[in-house]
Amino acid sequence: MDFDLSEEQRMLKESVDRLVAERYSFEQRKAYGKEAEGWNRGLWKQYADMGLLSVPFEEKYGGFGGGAVETMIVMEAFGRGLVLEPYFATVVLAGGAIRMGGSEEQKKAILPKIADGSLLMAYAYAERQSRYDLADVLATAKKDGAGWVIDGEKTVVIHGDCADKLVVVARVSGGQRDKDGLGLFIVDAKAAGVSRRSYPTQDGVRGADITLKGVKVAAGDVIGEAGKAWPLIECVSHSAIAALASEAVGAMSAMQDITVEYLKTRQQFGVAIGSFQALQHRAVDMLVALEQGRSMAMYGTMMAEDPNAEERAKAMAATKVQIGKSAKYVGQQAIQLHGGIGVTMEYKVGHYFMRTTVMETQFGDTDHHLAALARAGGLVSAAG
Amino acid sequence: MDFDLSEEQRMLKESVDRLVAERYSFEQRKAYGKEAEGWNRGLWKQYADMGLLSVPFEEKYGGFGGGAVETMIVMEAFGRGLVLEPYFATVVLAGGAIRMGGSEEQKKAILPKIADGSLLMAYAYAERQSRYDLADVLATAKKDGAGWVIDGEKTVVIHGDCADKLVVVARVSGGQRDKDGLGLFIVDAKAAGVSRRSYPTQDGVRGADITLKGVKVAAGDVIGEAGKAWPLIECVSHSAIAALASEAVGAMSAMQDITVEYLKTRQQFGVAIGSFQALQHRAVDMLVALEQGRSMAMYGTMMAEDPNAEERAKAMAATKVQIGKSAKYVGQQAIQLHGGIGVTMEYKVGHYFMRTTVMETQFGDTDHHLAALARAGGLVSAAG
Amino acid sequence: MDLRYTDEELAFREEVREFFRTELPEDIRRKMINGQVPVKEEINRWQKILNRKGWAVPGWAPEWGGTGWDAVKLHIFKEAMHLAPAPEPLTYNVNMIGPVLIAFGTEEQKKCFLPGIANLDIWFCQGFSEPGAGSDLASLKTRAVRDGNDYVVNGQKLWTGTAHEADYMFCLVRTDPDVKKQKGITYLLIKMDTPGISVRPVVTLDGVPHTNEVFFDNVRVPVKNRVGEENKGWDYAKYLLGNERIGIARVGLSKSRLNRARERAANVTVDGKPLAENSRFRERLAAIEVELKALEITNMRVIDEVKRSAGNAQDPKASILKIKGSELQQAATEVLVEVSGRDVARSETGFLMGDEPPIGPDWAVTAAHNYFYHRADSIYGGSNEIQHNIIAKAILGL
Amino acid sequence: MDLRYTDEELAFREEVREFFRTELPEDIRRKMINGQVPVKEEINRWQKILNRKGWAVPGWAPEWGGTGWDAVKLHIFKEAMHLAPAPEPLTYNVNMIGPVLIAFGTEEQKKCFLPGIANLDIWFCQGFSEPGAGSDLASLKTRAVRDGNDYVVNGQKLWTGTAHEADYMFCLVRTDPDVKKQKGITYLLIKMDTPGISVRPVVTLDGVPHTNEVFFDNVRVPVKNRVGEENKGWDYAKYLLGNERIGIARVGLSKSRLNRARERAANVTVDGKPLAENSRFRERLAAIEVELKALEITNMRVIDEVKRSAGNAQDPKASILKIKGSELQQAATEVLVEVSGRDVARSETGFLMGDEPPIGPDWAVTAAHNYFYHRADSIYGGSNEIQHNIIAKAILGL
């Protein structure tokens with residue numbers, strides 16, 4: 001058991017923390033959000049230069065060669081900064097699908113471009129009816145000579161508006177909710193038949209609903225074997241949960257700090273409101289929730305790529321449950337302890353709350369994962 | 001809508017409140033508990049003289065002629081006093097079965113004896129396997145000439161040790177959990193084939209596990225029609241829940257008062273601990289839980305004998321849910337705010353907590369009723 | 001004792017419900033069901049319908065348009081309104097300035113303002129809170145200095161809902177800075193187009209400019225627009241507290257939200273079955289409904305006490321209504337978020353405020369907006385922490 | 001960074017588990033599984049087994065019988081103990097007086113006491129709390145006056161667990177009433193059979209005399225039984241706080257209870273199906289397990305910080321372990337009550353303390369007893385409210 005960061009990890013942490021501190025004040029973020037795509041291309045380039053865009057990729061594809069811990073470091077810092085750039089969509093999700101399931105050719109073609117910042121990607125998996133069931137897929141991929149033709153609709157694709165390429169989940173065979181018969185396809189976002197409706201999201205970024213009509217995909221753009229993608233879809237989801245958990249820890253720790261600072265400075269009845277014991281104890285309960293969340297994000301990070309799929313699935317469900325619960329408590333109390341100002345767009349704390357609220361709906365909410373965990377027999381085995 | 005008590009109800013309330021105040025101090029209760037049966041025969045006589053033992057019975061059977069509101073008044077006072085006498089078992093449960101389902105002859109024979117204090121009864125319905133399912137009955141009643149023969153085991157029969165007569169639920173026909181096929185039988189507790197194992201309970205009274213082996217019951221001792229008792233069993237249970245809810249309100253209000261008094265007097269760090277805001281707010285949350293419970297006990301009282309069985313079942317389930325939730329919160333916090341002394345037998349607050357804890361297991365716990373209510377479609381109809 | 005409505009009350013409830021069924025414009029009802037925010041025109045239109053019926057200001061003294069209903073009927077009316085669901089009347093007009101003018105205004109002020117307030121021809125906003133004076137309202141600093149027949153007002157107000165749409169503000173200003181903070185406050189009616197007033201809308205987390213900052217730069221207010229006596233404004237403001245009692249729990253509104261959640265959950269599929277049939281979901285709903293039923297009774301108990309005390313009770317039990325009522329309102333908005341799932345992620349302020357069609361399903365896209373905004377339920381009107389303090393002191397004697 | 005155990009740690013865990021599997025007497029294990037209260041003889045017997053293995057006092061300095069294990073191994077040992085489930089060693093001996101004597105005792109005191117403490121030949125109890133000095137421990141009033149080679153002690157102690165079974169008490173007494181309350185306190189070892197001591201057992205809500213009141217009436221204590229210097233006793237008492245860190249969360253114990261709840265629920269029928277398959281029940285269990293897993297990691301993080309600071313950290317994060325740990329212990333006892341249903345109603349103290357057969361099912365009848373008693377988990381050792389104060393001040397700076 002060892003909580004130490006390696007020298008390299010410590011350096012990564014310092015540099016990304018510094019970046020966020022220097023470039024992601026609340027005011028700076030507001031300005032980035034007003035840009036055309038809702039984020040800043042210059043910063044994206046800077047992330048590339050720092051090696052952040054290739055953190056989980058192997059060195060031979062131009063990557064940083066990091067693992068889940070390195071992603072945790074980046075996501076936690078990005079959570080503190082409420083970073084708007086399409087890191088999660090490009091590097092963690094779509095990049096993750098290719099990193100974990102792609103062919104040698106695909107990795108060589110795509111990962112270096114993600115790494116140097118020239119390629120943006122998004123992961124189009126959810127559909128109108130699918131709710132949180134990853135296997136609930138109606139979009140179809142039909143064989144078309146050597147390649148495939150995709151038809152279907154994908155909703156709430158985060159950063160789907162600016163992505164150059166999409167990783168699309170489509171059904172090759174089987175019924176609506178079958179785990180068998182799914183495929184992952186790399187689709188050019190500007191390909192014929194792809195139309196996107198873009199919109200802002202509650203957490204300050206942008207998403208898109210994407211319609212695919214007779215979109216042709218070459219044989220070489222199938223990730224892994226078409227129809228057998230379920231284990232990979234699960235792996236992507238597990239990496240996503242670990243990354244979201246770390247981002248949530250960053251957001252929660254920011255809310256905690258902002259709130260405690262507010263309690264120390266805000267005066268009412270002639271004293272700092274932080275002198276009121278009831279508010280102190282609430283801030284302590286927030287801290288307990290935060291630390292429980294932090295512990296679980298670490299656990300999720302450890303387990304995110306565990307080879308035992310069953311144990312991994314339970315661990316990631318448990319991670320999402322704890323994070324959901326902690327983030328809801330910390331967020332609601334952060335608002336409450338601020339009073340009126342906490343409910344305004346002008347003040348930063350509400351933006352964290354909106355982000356963590358949306359996060360709850362990404363890759364399954366607390367109830368979804370609690371039910372899944374319970375069905376799987378819970379977390380405590382007789383062996384402890 | 002009218003929250004006023006009638007003149008007669010007010011007088012009843014005053015007299016029973018006074019009785020409890022004068023005769024049920026913590027020390028007095030301790031003394032009663034040490035008597036052979038764990039309660040006081042002299043007080044029982046006094047209840048009879050005051051008319052309390054016939055509160056819900058019609059005047060023509062020597063009764064007080066009261067309804068659910070009168071029972072509420074008595075049970076709330078008894079809850080405050082943690083009264084040990086077998087009122088609930090005799091008057092509410094067994095008496096209720098006869099009052100609501102008995103023949104003219106049965107009423108004439110039994111209710112006056114309950115009223116004058118000469119007859120103690122208990123309600124033997126639960127079995128080892130039945131948990132909170134009132135229809136889960138393995139005890140059998142077989143036709144035997146004009147009468148019946150009963151075989152089976154009944155567990156945790158409250159005040160079953162001292163009862164002169166038992167009302168026993170037994171199965172005439174049907175499968176283990178069928179609602180159809182149940183009967184209610186009046187059984188002499190000293191009849192051949194009845195054996196009782198008596199023990200103290202956590203809430204300071206006594207109960208018994210009762211075995212019935214070939215116990216003969218005359219035709220005239222069947223309540224209603226054998227095999228068709230389900231609606232009556234439900235009615236008894238609903239009256240029981242309303243009575244328990246009122247008792248719980250009495251117990252909760254006592255815990256609230258004791259705790260607030262303790263906060264005002266207990267000194268730590270040189271001040272009364274009631275000056276600490278965190279403890280003040282906890283006491284307020286207790287009050288909110290208590291008042292919500294009190295409201296629901298009133299609602300349950302109103303609905304306890306409502307002719308619409310479906311609405312009544314929902315209302316009583318909702319009542320038990322709210323009472324269970326409120327009592328758990330009030331009880332746990334009352335202990336917590338007292339600190340160490342709250343966990344000792346020497347101090348009164350813990351005894352209320354033990355009573356409300358046992359109460360939760362009587363006539364179905366919170367989860368049982370929440371599930372039942374949810375299955376029945378919840379409480380809010382589209383009509384509001 | 002009988003917690004059930006009398007036959008007369010039941011008949012009244014039916015009459016009221018029928019009115020809401022037939023007279024509430026369908027477009028407005030639709031918006032309310034969708035969780036959209038009614039705009040000024042809609043609130044106006046609906047208030048005028050109510051006023052034609054004579055139900056615009058039911059709680060007021062009958063000579064100024066009140067209905068003379070008792071507390072139970074007022075409760076029945078409010079519940080029917082919430083269940084309809086209809087927009088709440090502009091609270092600043094109906095529940096606040098109207099009753100204050102009736103109690104403390106001059107005859108001239110009453111005649112000049114009350115009919116317009118009731119018919120919403122005049123919109124009021126409330127100028128109480130200031131930066132640094134939130135829960136500690138009496139520490140307000142906005143200064144008014146007498147100059148001839150005017151007061152000259154300088155300062156800043158915060159949390160002035162609808163100020164950007166209002167014709168008038170009722171406003172607390174400090175006229176004597178040298179006395180104890182509750183003394184020395186005066187109650188003014190300020191016309192919003194007076195030179196020197198600037199309004200800066202403040203957008204809340206739902207994306208709607210629900211509130212404002214208002215700045216006063218040498219704003220001249222005629223003395224005749226003062227309510228009551230100089231330096232006695234705090235008393236008039238406190239009088240309002242008694243007018244928030246009935247319906248503060250908003251039981252009907254929460255019921256209405258839960259009804260919507262149940263309907264919607266019937267159309268959401270989880271594991272191949274409707275969410276509405278999922279036992280966890282049903283039990284969560286039922287658990288809130290139980291608390292809501294208890295609160296409904298608690299509410300009636302408080303109303304009953306108000307009735308006994310001839311309507312003048314400042315019952316601290318009302319703080320229980322505020323605490324539990326806001327918790328349950330928030331719980332209901334959380335359930336709607338849960339039901340709506342991923343569709344809450346889109347920011348659909350265009351639809352929320354009524355101009356644009358929704359991108360996602362109309363029933364789902366407002367859920368997060370409402371969830372965010374209703375975090376304020378436990379903050380405004382005295383935060384739940386303040387309510388706890390009130391109960392601790394006034395009821396528990398701690 | 002790697003939260004997983006190293007291979008060496010895993011091997012150690014297996015060794016420890018194997019020991020508990022094979023060496024814990026079956027009768028004792030059975031009692032623990034049933035939630036019964038182990039009696040003195042059983043605790044004694046088990047401690048001597050541990051001592052023969054050299055694991056009686058693993059956390060002590062090696063020269064006095066400690067194992068030299070690091071914090072991680074100590075944690076692994078504790079968890080295995082809780083999962084076995086084995087009785088906890090007498091905390092007054094192993095975690096309290098032993099370490100204090102090692103740090104502050106004279107050589108003579110160490111030689112005289114430590115071997116007997118480790119082997120449980122000498123039972124200690126703790127005389128800290130007094131009436132009126134609960135959370136505010138330093139305001140204690142029990143007086144000791146020097147008289148020749150003795151102190152003469154008068155006063156009263158409260159919450160002295162096992163005092164009725166103990167050979168000695170380590171006790172805080174006031175030797176100088178004229179200085180600040182933390183000063184003027186002295187730390188004495190008092191033989192329980194000294195004339196003038198009377199012990200009154202206090203029965204807790206589970207029906208067991210878990211604790212006592214102890215009265216001192218001119219009790220003579222030899223000066224050689226003073227630990228450290230006169231009037232410095234508070235410092236030695238505070239030193240103990242650091243020794244409660246590891247295992248205070250009792251994650252293993254809660255896991256063990258949840259495992260039992262799951263097993264038992266498999267044999268309880270609800271609606272014709274095992275309770276263990278009821279989705280609400282399973283989800284409730286899973287929700288507690290998630291918090292428990294998080295707490296396990298939090299615990300390890302604190303251990304890691306202790307490791308870095310060479311074991312001397314007074315990490316206020318340990319207050320988090322206390323708060324969450326006690327909440328989860330209590331949650332587990334609540335689940336056991338729920339599973340046991342109506343059978344909790346019987347008072348079965350005879351079985352609980354080990355002499356009589358149970359009336360109800362052996363697995364069910366202790367549930368309420370334990371639920372009642374474990375309400376104290378959030379009270380003793382500094383109530384959860386005190387822990388909140390500590391965190392607010394020491395971590396949040398409020």
# chains A, B, ... in the order shown; residues from 1 in each chain; ligands from 1
>>> closest_atom_pairs(of="chain C", to="chain A", cutoff="7 Å", atoms="only C-alpha atoms", output="JSON lines")
{"residue": "C:Gly132", "atom": "CA", "partner": "A:Gln267", "partner_atom": "CA", "distance": 6.9}
{"residue": "C:Asp136", "atom": "CA", "partner": "A:Phe269", "partner_atom": "CA", "distance": 5.8}
{"residue": "C:Val202", "atom": "CA", "partner": "A:Thr344", "partner_atom": "CA", "distance": 6.9}
{"residue": "C:Val203", "atom": "CA", "partner": "A:Met345", "partner_atom": "CA", "distance": 5.7}
{"residue": "C:Thr204", "atom": "CA", "partner": "A:Thr344", "partner_atom": "CA", "distance": 4.0}
{"residue": "C:Leu205", "atom": "CA", "partner": "A:Thr344", "partner_atom": "CA", "distance": 5.3}
{"residue": "C:Gly341", "atom": "CA", "partner": "A:Thr361", "partner_atom": "CA", "distance": 6.1}
{"residue": "C:Arg342", "atom": "CA", "partner": "A:Thr361", "partner_atom": "CA", "distance": 5.3}
{"residue": "C:Ala345", "atom": "CA", "partner": "A:Thr201", "partner_atom": "CA", "distance": 5.5}
{"residue": "C:Arg346", "atom": "CA", "partner": "A:Thr201", "partner_atom": "CA", "distance": 4.3}
{"residue": "C:Ser347", "atom": "CA", "partner": "A:Thr201", "partner_atom": "CA", "distance": 4.6}
{"residue": "C:Tyr373", "atom": "CA", "partner": "A:Val343", "partner_atom": "CA", "distance": 6.7}
{"residue": "C:Ala376", "atom": "CA", "partner": "A:Val343", "partner_atom": "CA", "distance": 6.5}
{"residue": "C:Ile379", "atom": "CA", "partner": "A:Gly339", "partner_atom": "CA", "distance": 5.7}
>>> residues_around(residues="Asp49 (chain A)", least_positions_apart="3", cutoff="9 Å", atoms="only C-alpha atoms", output="JSON, numbers by chain")
{"A": [44, 45, 46, 52, 53, 115, 116, 117]}
>>> residues_around(residues="Gly134 (chain D)", least_positions_apart="3", cutoff="10 Å", atoms="only C-alpha atoms", output="ChimeraX atom specification")
/B:267-269,339-340 /D:128-131,137-140,158-159,379-383
>>> residues_around(residues="Ser246 (chain A)", least_positions_apart="4", cutoff="8 Å", atoms="only C-alpha atoms", output="JSON, numbers by chain")
{"A": [72, 73, 75, 76, 79, 242, 250, 294, 297, 298]}
>>> residues_around(residues="Lys228 (chain B)", least_positions_apart="5", cutoff="8 Å", atoms="only C-alpha atoms", output="short mmCIF file (atom, residue, chain, number, x, y, z; two decimals) with C-alpha atoms, in the first residue's frame")
data_model
loop_
_atom_site.label_atom_id
_atom_site.label_comp_id
_atom_site.auth_asym_id
_atom_site.auth_seq_id
_atom_site.Cartn_x
_atom_site.Cartn_y
_atom_site.Cartn_z
CA ASP B 180 -58.74 -16.25 2.23
CA GLY B 181 -59.35 -19.00 4.73
CA LEU B 182 -58.42 -17.29 7.98
CA GLY B 183 -60.42 -17.34 11.18
#
>>> interface_residues(of="chain C", to="chain D", cutoff="12 Å", atoms="only C-alpha atoms", output="list in words")
Asn278, Ser279, Arg280, Phe281, Arg282, Glu283 and Arg284 of chain C
>>> atom_distance(atom1="CA of Val172 (chain B)", atom2="CA of Pro231 (chain B)")
15.2 Å
>>> interface_residues(of="chain B", to="chain A", cutoff="12 Å", atoms="only C-alpha atoms", output="list in words")
Ser275, Phe276, Gln277, Ala278, Leu279, Gln280, His281, Arg282, Ala283 and Val284 of chain B
>>> atom_distance(atom1="CA of Met192 (chain D)", atom2="CA of Met96 (chain D)")
17.5 Å
>>> residues_around(residues="Met11 (chain A)", least_positions_apart="5", cutoff="12 Å", atoms="only C-alpha atoms", output="PyMOL selection string")
chain A and resi 5-6+16-18+50+70+73-74
>>> select_by_dssp(residues="region 124-326 of chain D", states="helix (DSSP H, G or I)", output="PyMOL selection string")
chain D and resi 137-139+223-225+233-244+251-265+275-277+279-308+318-326
>>> residues_around(residues="region 262-267 of chain C", least_positions_apart="6", cutoff="12 Å", atoms="only C-alpha atoms", output="MDAnalysis selection string")
(chainID A and resid 129 131) or (chainID B and resid 374 377:382) or (chainID C and resid 33:34 255:256 273:278 281:286 289 332 335:341 361:364 367)
>>> select_by_dssp(residues="region 131-306 of chain A", states="strand (DSSP E or B)", output="ChimeraX atom specification")
/A:140-144,147-158,165-171,182-188,194-201,206-217,222-228,267-268,271-272
>>> decode(residues="region 222-330 of chain D", atoms="C-alpha atoms", output="tab-separated table (two decimals), in the first residue's frame")
chain	number	residue	atom	x	y	z
D	222	PRO	CA	1.33	4.84	47.21
D	223	VAL	CA	3.32	7.59	45.50
D	224	LYS	CA	5.29	4.95	43.64
D	225	ASN	CA	2.05	4.26	41.71
D	226	ARG	CA	2.11	7.74	40.23
D	227	VAL	CA	2.94	7.81	36.53
D	228	GLY	CA	5.37	10.56	35.63
D	229	GLU	CA	5.40	13.82	37.49
D	230	GLU	CA	2.82	15.30	39.77
D	231	ASN	CA	0.48	17.76	38.03
D	232	LYS	CA	1.54	16.58	34.56
D	233	GLY	CA	-1.07	13.87	34.22
D	234	TRP	CA	-3.01	15.66	31.48
D	235	ASP	CA	-0.04	15.36	29.14
D	236	TYR	CA	0.11	11.60	29.62
D	237	ALA	CA	-3.62	11.27	29.09
D	238	LYS	CA	-3.41	13.30	25.88
D	239	TYR	CA	-0.64	11.04	24.62
D	240	LEU	CA	-3.20	8.26	24.53
D	241	LEU	CA	-5.26	10.06	21.93
D	242	GLY	CA	-2.63	9.20	19.36
D	243	ASN	CA	-3.05	5.53	20.18
D	244	GLU	CA	-6.69	5.31	19.23
D	245	ARG	CA	-6.07	6.15	15.61
D	246	ILE	CA	-5.72	2.81	13.96
D	247	GLY	CA	-8.84	0.76	13.80
D	248	ILE	CA	-11.06	3.40	15.36
D	249	ALA	CA	-13.15	3.17	12.18
D	250	ARG	CA	-13.69	-0.55	12.88
D	251	VAL	CA	-14.24	-1.21	9.20
D	252	GLY	CA	-13.68	-4.92	9.64
D	253	LEU	CA	-16.24	-5.11	12.40
D	254	SER	CA	-18.89	-3.41	10.29
D	255	LYS	CA	-18.03	-5.67	7.35
D	256	SER	CA	-18.42	-8.65	9.60
D	257	ARG	CA	-21.85	-7.42	10.73
D	258	LEU	CA	-22.94	-6.83	7.14
D	259	ASN	CA	-21.82	-10.30	6.18
D	260	ARG	CA	-23.96	-11.67	8.98
D	261	ALA	CA	-26.91	-9.56	7.89
D	262	ARG	CA	-26.64	-10.93	4.37
D	263	GLU	CA	-26.39	-14.53	5.57
D	264	ARG	CA	-29.34	-14.11	7.89
D	265	ALA	CA	-31.47	-12.34	5.32
D	266	ALA	CA	-31.13	-15.39	3.13
D	267	ASN	CA	-33.18	-17.26	5.72
D	268	VAL	CA	-35.88	-14.66	6.24
D	269	THR	CA	-38.89	-14.77	3.96
D	270	VAL	CA	-40.67	-11.65	2.74
D	271	ASP	CA	-43.54	-12.03	0.31
D	272	GLY	CA	-42.52	-15.59	-0.27
D	273	LYS	CA	-38.96	-14.71	-1.26
D	274	PRO	CA	-35.76	-14.46	0.78
D	275	LEU	CA	-35.20	-10.98	2.17
D	276	ALA	CA	-31.67	-11.23	0.79
D	277	GLU	CA	-33.16	-11.06	-2.71
D	278	ASN	CA	-35.33	-8.05	-1.97
D	279	SER	CA	-33.94	-5.20	-4.04
D	280	ARG	CA	-34.50	-2.52	-1.44
D	281	PHE	CA	-32.70	-4.58	1.17
D	282	ARG	CA	-29.84	-5.40	-1.16
D	283	GLU	CA	-29.45	-1.78	-2.14
D	284	ARG	CA	-29.46	-0.62	1.45
D	285	LEU	CA	-26.72	-3.08	2.23
D	286	ALA	CA	-24.78	-2.09	-0.86
D	287	ALA	CA	-25.06	1.60	0.03
D	288	ILE	CA	-23.51	0.95	3.44
D	289	GLU	CA	-20.83	-1.21	1.86
D	290	VAL	CA	-19.87	1.58	-0.51
D	291	GLU	CA	-19.40	4.02	2.37
D	292	LEU	CA	-17.48	1.33	4.20
D	293	LYS	CA	-15.15	0.76	1.27
D	294	ALA	CA	-14.54	4.48	1.06
D	295	LEU	CA	-13.87	4.58	4.79
D	296	GLU	CA	-11.44	1.71	4.45
D	297	ILE	CA	-9.44	3.77	1.97
D	298	THR	CA	-9.75	6.89	4.11
D	299	ASN	CA	-8.45	4.83	7.01
D	300	MET	CA	-5.47	3.72	4.98
D	301	ARG	CA	-4.78	7.29	3.94
D	302	VAL	CA	-4.65	8.32	7.56
D	303	ILE	CA	-2.43	5.35	8.34
D	304	ASP	CA	-0.18	6.41	5.51
D	305	GLU	CA	0.12	9.87	7.01
D	306	VAL	CA	0.90	8.37	10.39
D	307	LYS	CA	3.58	6.26	8.71
D	308	ARG	CA	5.15	9.31	7.10
D	309	SER	CA	5.20	11.20	10.36
D	310	ALA	CA	6.88	8.24	12.09
D	311	GLY	CA	3.80	7.41	14.13
D	312	ASN	CA	3.54	10.62	16.05
D	313	ALA	CA	0.88	12.37	14.02
D	314	GLN	CA	-2.12	13.66	15.91
D	315	ASP	CA	-3.97	13.76	12.62
D	316	PRO	CA	-7.33	15.50	13.01
D	317	LYS	CA	-8.46	13.45	10.00
D	318	ALA	CA	-8.79	10.63	12.50
D	319	SER	CA	-11.90	12.47	13.67
D	320	ILE	CA	-13.37	11.65	10.26
D	321	LEU	CA	-12.70	7.99	10.97
D	322	LYS	CA	-14.48	8.30	14.28
D	323	ILE	CA	-17.52	10.08	12.84
D	324	LYS	CA	-18.00	7.91	9.79
D	325	GLY	CA	-16.87	4.76	11.52
D	326	SER	CA	-19.41	5.10	14.31
D	327	GLU	CA	-22.17	6.00	11.85
D	328	LEU	CA	-21.48	2.88	9.82
D	329	GLN	CA	-21.21	0.65	12.88
D	330	GLN	CA	-24.58	1.93	13.94
